[in-house]
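Engineer: Okay, here's the structure, questions in a sec.
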Amino acid sequence: GSKESTMSKSTARPNSSVELTHPDRVYWPKEGVTKGGLADYYAEVWPFMEPFVVDRPLALLRCPDGIDGQQFFQKHPWKGINAHITLVTDPKEPAEAPCIAIGDFDGLTGLVQSAALEIHPWGSTTAAWEKPDTIIMDLDPGPGVAWSDVIAAAEEIRDRMKDLGLATFVKTSGGKGLHVVSPLKPSAEWPDAKAFTKDLADRMAADSPDKYVSTIAKAKRGGKILIDYLRNQRGQTAVAPYSTRARPGAPVSMPLAWDELDASLGPAHFTVLNAGKRLAALPSDPWADFRKSAAPLPGAGARKGRAA
Ligand code: ATP
Ligand code: MN
Ligand code: MN
């Protein structure tokens, strides 16, 4: 096909030299998505996805027999790991098994070859493990919560973070909720990022106790949205923008523009099968300004100053 994109980005579809064995192996049986189909999906989204997955420690959900088989959540290399996947040593755990990273599209193809059906990066890079450049508020609706209320929660986080000087970007989780993601200048360290996001979640729960909870224990009470800030700790991960999910429907975590949030567009609306069409039709990448919008973590300088 010669379908032209409206964006120059999509024309930079990469090629990989990595050998894909058994491309007909089925990963999402109901949708008929194979290993080869997954590699094609990632080739399509790579120009958009690259900034969010390169040179970060990764956790992977590996499913060698597809989504209905055994699943392995792995932060460390396995026997026979693909040679295009990079091994990186955690500076705080030099004696432990290394962590996993990728440096380029060959690395991503190596992950596909390894049946990594979900890719979960850290919020910091291997250039500065201790200093998050990304924080994420994970909105987990309990049973019975209306989707419009999840959207309202995301918008409230956006507005509160804006008041604190932070830019925010929103994506579907590909599961049940939304992720509000904020780019940081990597200066503050993980404990400050955790304290900041906990404070935000606690304030929202205190201001609207009928709508929000900020602790997993309270989330078991129905009808509320858990504002899960616990991704923002050293070694914790959240699913990457454009990562597939090992769930029925072959959903992906899809970056959106804020004005796209709509009742008609649920958390698993975008999939391996319809993502390419969406990206080709977009007037511009809704997360294009992500990195250039980065600001320092609010208040961290003050905390540091007091500690010094
Ligand atoms: P949802 O919208 O369904 O909540 P999500 O991506 O926000 O989707 P989960 O899939 O529940 O949430 O995962 C939450 C986090 O826990 C993930 O970002 C991941 O880093 C981590 N995680 C996922 N699966 C495992 C696992 N099997 N073992 C340990 N940690 C996991
Ligand atoms: Mn979630
Ligand atoms: Mn969660």
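Residue names in the structure tokens use chain letters A, B, ... in the order shown, residue numbers from 1 in each chain, and ligand numbers from 1 in the order shown.
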Using only C-alpha atoms and all ligand atoms, I'd like a table of the residues in chain A that come within 12 Å of ligand 2; for each, show the closest atom pair and its distance in Å rounded to one decimal, ordered by chain and ascending number, as a Markdown table.
Structural biologist:
| residue | atom | partner | partner_atom_place_in_ligand_line | distance |
| --- | --- | --- | --- | --- |
| A:Ile136 | CA | ligand 2 | 1 (Mn) | 10.2 |
| A:Met137 | CA | ligand 2 | 1 (Mn) | 8.6 |
| A:Asp138 | CA | ligand 2 | 1 (Mn) | 4.9 |
| A:Leu139 | CA | ligand 2 | 1 (Mn) | 5.4 |
| A:Asp140 | CA | ligand 2 | 1 (Mn) | 4.6 |
| A:Pro141 | CA | ligand 2 | 1 (Mn) | 8.1 |
| A:Gly142 | CA | ligand 2 | 1 (Mn) | 10.4 |
| A:Val150 | CA | ligand 2 | 1 (Mn) | 11.2 |
| A:Lys171 | CA | ligand 2 | 1 (Mn) | 11.0 |
| A:Thr172 | CA | ligand 2 | 1 (Mn) | 9.4 |
| A:Ser173 | CA | ligand 2 | 1 (Mn) | 6.5 |
| A:Gly174 | CA | ligand 2 | 1 (Mn) | 9.1 |
| A:Gly175 | CA | ligand 2 | 1 (Mn) | 7.2 |
| A:Lys176 | CA | ligand 2 | 1 (Mn) | 6.6 |
| A:Gly177 | CA | ligand 2 | 1 (Mn) | 5.5 |
| A:Leu178 | CA | ligand 2 | 1 (Mn) | 6.8 |
| A:His179 | CA | ligand 2 | 1 (Mn) | 7.1 |
| A:Val180 | CA | ligand 2 | 1 (Mn) | 10.4 |
| A:Ile216 | CA | ligand 2 | 1 (Mn) | 11.6 |
| A:Ile225 | CA | ligand 2 | 1 (Mn) | 10.1 |
| A:Leu226 | CA | ligand 2 | 1 (Mn) | 8.6 |
| A:Ile227 | CA | ligand 2 | 1 (Mn) | 8.8 |
| A:Asp228 | CA | ligand 2 | 1 (Mn) | 7.3 |
| A:Tyr229 | CA | ligand 2 | 1 (Mn) | 10.0 |
| A:Leu230 | CA | ligand 2 | 1 (Mn) | 10.5 |
| A:Arg231 | CA | ligand 2 | 1 (Mn) | 9.6 |
| A:Thr237 | CA | ligand 2 | 1 (Mn) | 11.4 |
| A:Ala238 | CA | ligand 2 | 1 (Mn) | 8.5 |
| A:Val239 | CA | ligand 2 | 1 (Mn) | 9.1 |
| A:Ser253 | CA | ligand 2 | 1 (Mn) | 10.8 |
| A:Pro267 | CA | ligand 2 | 1 (Mn) | 10.0 |
| A:Ala268 | CA | ligand 2 | 1 (Mn) | 11.9 |
Engineer: Could those residues be written to a file, using C-alpha atoms, as a PDB file, in the first residue's frame?
Structural biologist:
ATOM      1  CA  ILE A 136       2.277   9.212  36.428  1.00  0.00           C
ATOM      2  CA  MET A 137      -1.066   9.251  38.193  1.00  0.00           C
ATOM      3  CA  ASP A 138      -2.839   5.972  37.501  1.00  0.00           C
ATOM      4  CA  LEU A 139      -6.621   6.243  37.757  1.00  0.00           C
ATOM      5  CA  ASP A 140      -8.160   2.927  38.739  1.00  0.00           C
ATOM      6  CA  PRO A 141     -11.959   3.042  38.776  1.00  0.00           C
ATOM      7  CA  GLY A 142     -13.648   0.636  41.178  1.00  0.00           C
ATOM      8  CA  VAL A 150     -12.800   8.839  35.364  1.00  0.00           C
ATOM      9  CA  LYS A 171      -3.397   8.203  27.748  1.00  0.00           C
ATOM     10  CA  THR A 172      -5.716   5.259  27.934  1.00  0.00           C
ATOM     11  CA  SER A 173      -4.320   2.411  30.010  1.00  0.00           C
ATOM     12  CA  GLY A 174      -5.560  -0.203  27.562  1.00  0.00           C
ATOM     13  CA  GLY A 175      -7.204  -1.759  30.631  1.00  0.00           C
ATOM     14  CA  LYS A 176      -9.738  -0.069  32.872  1.00  0.00           C
ATOM     15  CA  GLY A 177      -8.533   3.466  33.376  1.00  0.00           C
ATOM     16  CA  LEU A 178      -6.574   6.525  32.376  1.00  0.00           C
ATOM     17  CA  HIS A 179      -2.991   7.575  33.057  1.00  0.00           C
ATOM     18  CA  VAL A 180      -2.122  11.228  33.583  1.00  0.00           C
ATOM     19  CA  ILE A 216      -5.330   0.482  47.972  1.00  0.00           C
ATOM     20  CA  ILE A 225     -11.641   5.902  41.882  1.00  0.00           C
ATOM     21  CA  LEU A 226      -8.264   4.913  43.296  1.00  0.00           C
ATOM     22  CA  ILE A 227      -5.739   7.621  42.540  1.00  0.00           C
ATOM     23  CA  ASP A 228      -2.768   5.291  42.401  1.00  0.00           C
ATOM     24  CA  TYR A 229       0.425   7.303  42.915  1.00  0.00           C
ATOM     25  CA  LEU A 230       2.514   4.240  43.810  1.00  0.00           C
ATOM     26  CA  ARG A 231       3.991   3.960  40.309  1.00  0.00           C
ATOM     27  CA  THR A 237       6.944   0.886  36.438  1.00  0.00           C
ATOM     28  CA  ALA A 238       3.864   1.767  34.417  1.00  0.00           C
ATOM     29  CA  VAL A 239       2.855   0.546  30.998  1.00  0.00           C
ATOM     30  CA  SER A 253      -2.128   2.277  25.936  1.00  0.00           C
ATOM     31  CA  PRO A 267      -9.976   2.818  28.238  1.00  0.00           C
ATOM     32  CA  ALA A 268      -9.432  -0.049  25.804  1.00  0.00           C
TER      33      ALA A 268
END
Engineer: Write out as number ranges by chain all residues of range 202-263 of chain A that DSSP puts in strand (DSSP E or B) for this structure's backbone.
Structural biologist: A: 212-213, 225-228, 244, 251-252, 255-256
Engineer: Residues of the last selection are to be written out with C-alpha atoms, as a short mmCIF file (atom, residue, chain, number, x, y, z; two decimals), in the first residue's frame.
Structural biologist:
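part38.cif was written with the following content:
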data_model
loop_
_atom_site.label_atom_id
_atom_site.label_comp_id
_atom_site.auth_asym_id
_atom_site.auth_seq_id
_atom_site.Cartn_x
_atom_site.Cartn_y
_atom_site.Cartn_z
CA TYR A 212 -11.66 9.34 45.34
CA VAL A 213 -9.43 7.16 47.50
CA ILE A 225 -11.64 5.90 41.88
CA LEU A 226 -8.26 4.91 43.30
CA ILE A 227 -5.74 7.62 42.54
CA ASP A 228 -2.77 5.29 42.40
CA THR A 244 0.18 -3.48 23.86
CA PRO A 251 -5.70 -3.16 23.47
CA VAL A 252 -2.89 -0.62 23.61
CA PRO A 255 -1.72 8.78 24.09
CA LEU A 256 -4.54 11.26 23.54
#
Engineer: Write out, as JSON lines, each residue of range 114-164 of chain A that has an atom at most 10 Å from range 33-47 of chain A, together with the closest pair of atoms and their distance in Å to one decimal, counting only C-alpha atoms, rows going by chain and rising number.
Structural biologist:
{"residue": "A:Ser114", "atom": "CA", "partner": "A:Lys35", "partner_atom": "CA", "distance": 9.6}
{"residue": "A:Ala115", "atom": "CA", "partner": "A:Lys35", "partner_atom": "CA", "distance": 7.6}
{"residue": "A:Leu117", "atom": "CA", "partner": "A:Leu38", "partner_atom": "CA", "distance": 8.7}
Engineer: Please produce an output containing N, CA and C atoms for each residue in the selection, written as a short mmCIF file (atom, residue, chain, number, x, y, z; two decimals), in the first residue's frame.
Structural biologist:
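Result written to out.cif:
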data_model
loop_
_atom_site.label_atom_id
_atom_site.label_comp_id
_atom_site.auth_asym_id
_atom_site.auth_seq_id
_atom_site.Cartn_x
_atom_site.Cartn_y
_atom_site.Cartn_z
N SER A 114 10.83 -11.97 21.85
CA SER A 114 10.82 -12.58 23.18
C SER A 114 9.42 -12.65 23.79
N ALA A 115 8.40 -12.36 22.99
CA ALA A 115 7.01 -12.45 23.44
C ALA A 115 6.71 -11.49 24.60
N LEU A 117 4.63 -8.96 25.65
CA LEU A 117 3.37 -8.39 25.18
C LEU A 117 2.99 -7.12 25.94
#
Engineer: Of the candidates A:Lys131, A:Arg245, A:Arg160, A:Lys79, which shows the shortest atom-to-atom distance to ligand 1, using only C-alpha atoms and all ligand atoms?
Structural biologist: A:Arg245
Engineer: Quick one, how far is CA of Thr125 in chain A from CA of Val272 in chain A?
Structural biologist: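 Interatomic distance, CA of Thr125 in chain A to CA of Val272 in chain A: 26.5 Å.
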Engineer: Could you please determine the separation between CA of Ile119 in chain A and CA of Leu282 in chain A in Å, to one decimal place?
Structural biologist: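 Separating CA of Ile119 in chain A from CA of Leu282 in chain A is a distance of 23.9 Å.
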Engineer: For range 61-78 of chain A, list every protein, DNA or RNA residue within 7 Å, evaluated using only C-alpha atoms, and leave out those in the same chain fewer than 2 positions away; present the list as a ChimeraX atom specification.
Structural biologist: /A:26-28,58-59,80-81,97-100,115-119,246-247
Engineer: Under the rule that only C-alpha atoms are counted, which of A:Trp147, A:Phe52, A:Gly235, A:Gly107 is the nearest residue to Trp287 in chain A?
Structural biologist: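 Answer, going by the shortest atom-to-atom distance: A:Phe52.
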Engineer: Compare A:Ala250, A:Glu93, A:His120, A:Leu265 by their minimum atom-to-atom distance to ligand 1, counting only C-alpha atoms and all ligand atoms, and give me the closest one.
Structural biologist: A:His120
Engineer: Between CA of Ala101 in chain A and CA of His84 in chain A, what distance in Å does the model show, to one decimal?
Structural biologist: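 Atom-to-atom, CA of Ala101 in chain A to CA of His84 in chain A, that is 9.5 Å.
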Engineer: Write out as JSON, numbers by chain each polymer residue whose atoms come within 12 Å of Ala193 in chain A, counting only C-alpha atoms; drop sequence neighbours fewer than 2 positions from it.
Structural biologist: {"A": [123, 124, 130, 131, 132, 133, 134, 135, 136, 137, 182, 183, 184, 185, 186, 187, 188, 189, 190, 191, 195, 196, 197, 198, 199, 200, 229, 230, 231, 232, 233, 234, 296, 297, 298, 299, 300, 301, 303]}
Engineer: Residues of range 3-181 of chain A classed as alpha helix (DSSP H) by DSSP on the backbone are to be reported as a ChimeraX atom specification.
Structural biologist: /A:8-11,35-53,105-113,147-163
Engineer: I need the chosen residues saved as a compact mmCIF listing (two decimals), in the first residue's frame, with N, CA and C atoms.
Structural biologist:
# COMPACT_ATOMS: atom_id res chain seq x y z
N SER A 8 4.84 13.76 8.99
CA SER A 8 6.13 13.30 8.51
C SER A 8 6.65 12.15 9.37
N LYS A 9 6.30 12.20 10.67
CA LYS A 9 6.76 11.19 11.60
C LYS A 9 6.47 9.75 11.12
N SER A 10 5.25 9.54 10.66
CA SER A 10 4.84 8.19 10.31
C SER A 10 5.60 7.64 9.11
N THR A 11 6.20 8.54 8.33
CA THR A 11 6.92 8.05 7.16
C THR A 11 8.25 7.43 7.57
N LYS A 35 2.76 -12.85 16.16
CA LYS A 35 4.06 -12.22 16.44
C LYS A 35 4.45 -11.28 15.30
N GLY A 36 4.24 -11.70 14.08
CA GLY A 36 4.53 -10.84 12.93
C GLY A 36 3.64 -9.60 12.90
N GLY A 37 2.39 -9.79 13.26
CA GLY A 37 1.46 -8.66 13.32
C GLY A 37 1.86 -7.67 14.40
N LEU A 38 2.36 -8.19 15.52
CA LEU A 38 2.82 -7.33 16.60
C LEU A 38 4.04 -6.53 16.15
N ALA A 39 4.96 -7.19 15.44
CA ALA A 39 6.14 -6.48 14.93
C ALA A 39 5.72 -5.38 13.96
N ASP A 40 4.72 -5.65 13.13
CA ASP A 40 4.22 -4.63 12.19
C ASP A 40 3.60 -3.45 12.95
N TYR A 41 2.84 -3.78 14.02
CA TYR A 41 2.24 -2.71 14.83
C TYR A 41 3.33 -1.80 15.40
N TYR A 42 4.37 -2.42 15.98
CA TYR A 42 5.41 -1.60 16.61
C TYR A 42 6.21 -0.80 15.58
N ALA A 43 6.36 -1.35 14.35
CA ALA A 43 7.03 -0.57 13.30
C ALA A 43 6.22 0.70 13.01
N GLU A 44 4.91 0.57 13.04
CA GLU A 44 4.03 1.70 12.75
C GLU A 44 4.09 2.77 13.85
N VAL A 45 4.13 2.34 15.12
CA VAL A 45 4.07 3.32 16.21
C VAL A 45 5.45 3.76 16.69
N TRP A 46 6.50 3.11 16.23
CA TRP A 46 7.84 3.37 16.76
C TRP A 46 8.23 4.85 16.79
N PRO A 47 7.98 5.62 15.70
CA PRO A 47 8.40 7.03 15.76
C PRO A 47 7.74 7.78 16.91
N PHE A 48 6.53 7.38 17.29
CA PHE A 48 5.82 8.02 18.39
C PHE A 48 6.28 7.48 19.74
N MET A 49 6.57 6.20 19.76
CA MET A 49 6.84 5.50 21.02
C MET A 49 8.28 5.66 21.51
N GLU A 50 9.19 5.80 20.56
CA GLU A 50 10.63 5.76 20.87
C GLU A 50 11.05 6.59 22.09
N PRO A 51 10.62 7.88 22.18
CA PRO A 51 11.11 8.69 23.31
C PRO A 51 10.72 8.14 24.68
N PHE A 52 9.72 7.28 24.73
CA PHE A 52 9.21 6.82 26.02
C PHE A 52 9.75 5.47 26.45
N VAL A 53 10.49 4.80 25.57
CA VAL A 53 10.97 3.46 25.92
C VAL A 53 12.49 3.26 25.80
N PHE A 105 15.10 0.47 17.59
CA PHE A 105 13.99 -0.36 17.11
C PHE A 105 14.37 -1.84 17.07
N ASP A 106 15.64 -2.13 16.83
CA ASP A 106 16.06 -3.53 16.91
C ASP A 106 15.79 -4.09 18.31
N GLY A 107 16.01 -3.27 19.32
CA GLY A 107 15.73 -3.71 20.68
C GLY A 107 14.26 -4.02 20.87
N LEU A 108 13.40 -3.15 20.33
CA LEU A 108 11.96 -3.40 20.44
C LEU A 108 11.58 -4.68 19.71
N THR A 109 12.18 -4.88 18.54
CA THR A 109 11.90 -6.11 17.80
C THR A 109 12.40 -7.32 18.59
N GLY A 110 13.50 -7.14 19.29
CA GLY A 110 13.98 -8.21 20.18
C GLY A 110 12.96 -8.53 21.26
N LEU A 111 12.27 -7.51 21.75
CA LEU A 111 11.23 -7.74 22.75
C LEU A 111 10.05 -8.50 22.14
N VAL A 112 9.70 -8.16 20.91
CA VAL A 112 8.62 -8.89 20.22
C VAL A 112 9.02 -10.35 20.03
N GLN A 113 10.26 -10.56 19.59
CA GLN A 113 10.77 -11.92 19.41
C GLN A 113 10.69 -12.70 20.73
N TRP A 147 -17.57 6.08 33.42
CA TRP A 147 -16.39 6.52 32.66
C TRP A 147 -16.26 8.04 32.69
N SER A 148 -17.39 8.73 32.65
CA SER A 148 -17.34 10.20 32.68
C SER A 148 -16.69 10.69 33.97
N ASP A 149 -16.82 9.91 35.06
CA ASP A 149 -16.18 10.30 36.31
C ASP A 149 -14.67 10.06 36.28
N VAL A 150 -14.24 9.06 35.53
CA VAL A 150 -12.80 8.84 35.36
C VAL A 150 -12.19 9.99 34.57
N ILE A 151 -12.91 10.43 33.53
CA ILE A 151 -12.45 11.57 32.75
C ILE A 151 -12.37 12.82 33.64
N ALA A 152 -13.40 13.02 34.46
CA ALA A 152 -13.41 14.20 35.35
C ALA A 152 -12.23 14.15 36.32
N ALA A 153 -11.90 12.96 36.80
CA ALA A 153 -10.75 12.82 37.72
C ALA A 153 -9.45 13.19 37.01
N ALA A 154 -9.30 12.72 35.78
CA ALA A 154 -8.09 13.03 35.01
C ALA A 154 -7.98 14.54 34.81
N GLU A 155 -9.10 15.17 34.50
CA GLU A 155 -9.09 16.62 34.26
C GLU A 155 -8.81 17.39 35.55
N GLU A 156 -9.28 16.85 36.67
CA GLU A 156 -8.97 17.52 37.94
C GLU A 156 -7.46 17.43 38.24
N ILE A 157 -6.87 16.28 37.96
CA ILE A 157 -5.42 16.15 38.15
C ILE A 157 -4.67 17.11 37.23
N ARG A 158 -5.14 17.17 35.97
CA ARG A 158 -4.52 18.11 35.02
C ARG A 158 -4.55 19.53 35.57
N ASP A 159 -5.71 19.95 36.08
CA ASP A 159 -5.86 21.33 36.55
C ASP A 159 -5.03 21.59 37.80
N ARG A 160 -5.01 20.59 38.70
CA ARG A 160 -4.21 20.77 39.92
C ARG A 160 -2.72 20.81 39.60
N MET A 161 -2.30 19.97 38.69
CA MET A 161 -0.88 19.96 38.34
C MET A 161 -0.50 21.24 37.60
N LYS A 162 -1.42 21.73 36.77
CA LYS A 162 -1.14 22.99 36.06
C LYS A 162 -0.93 24.12 37.05
N ASP A 163 -1.78 24.16 38.10
CA ASP A 163 -1.63 25.18 39.13
C ASP A 163 -0.28 25.08 39.83
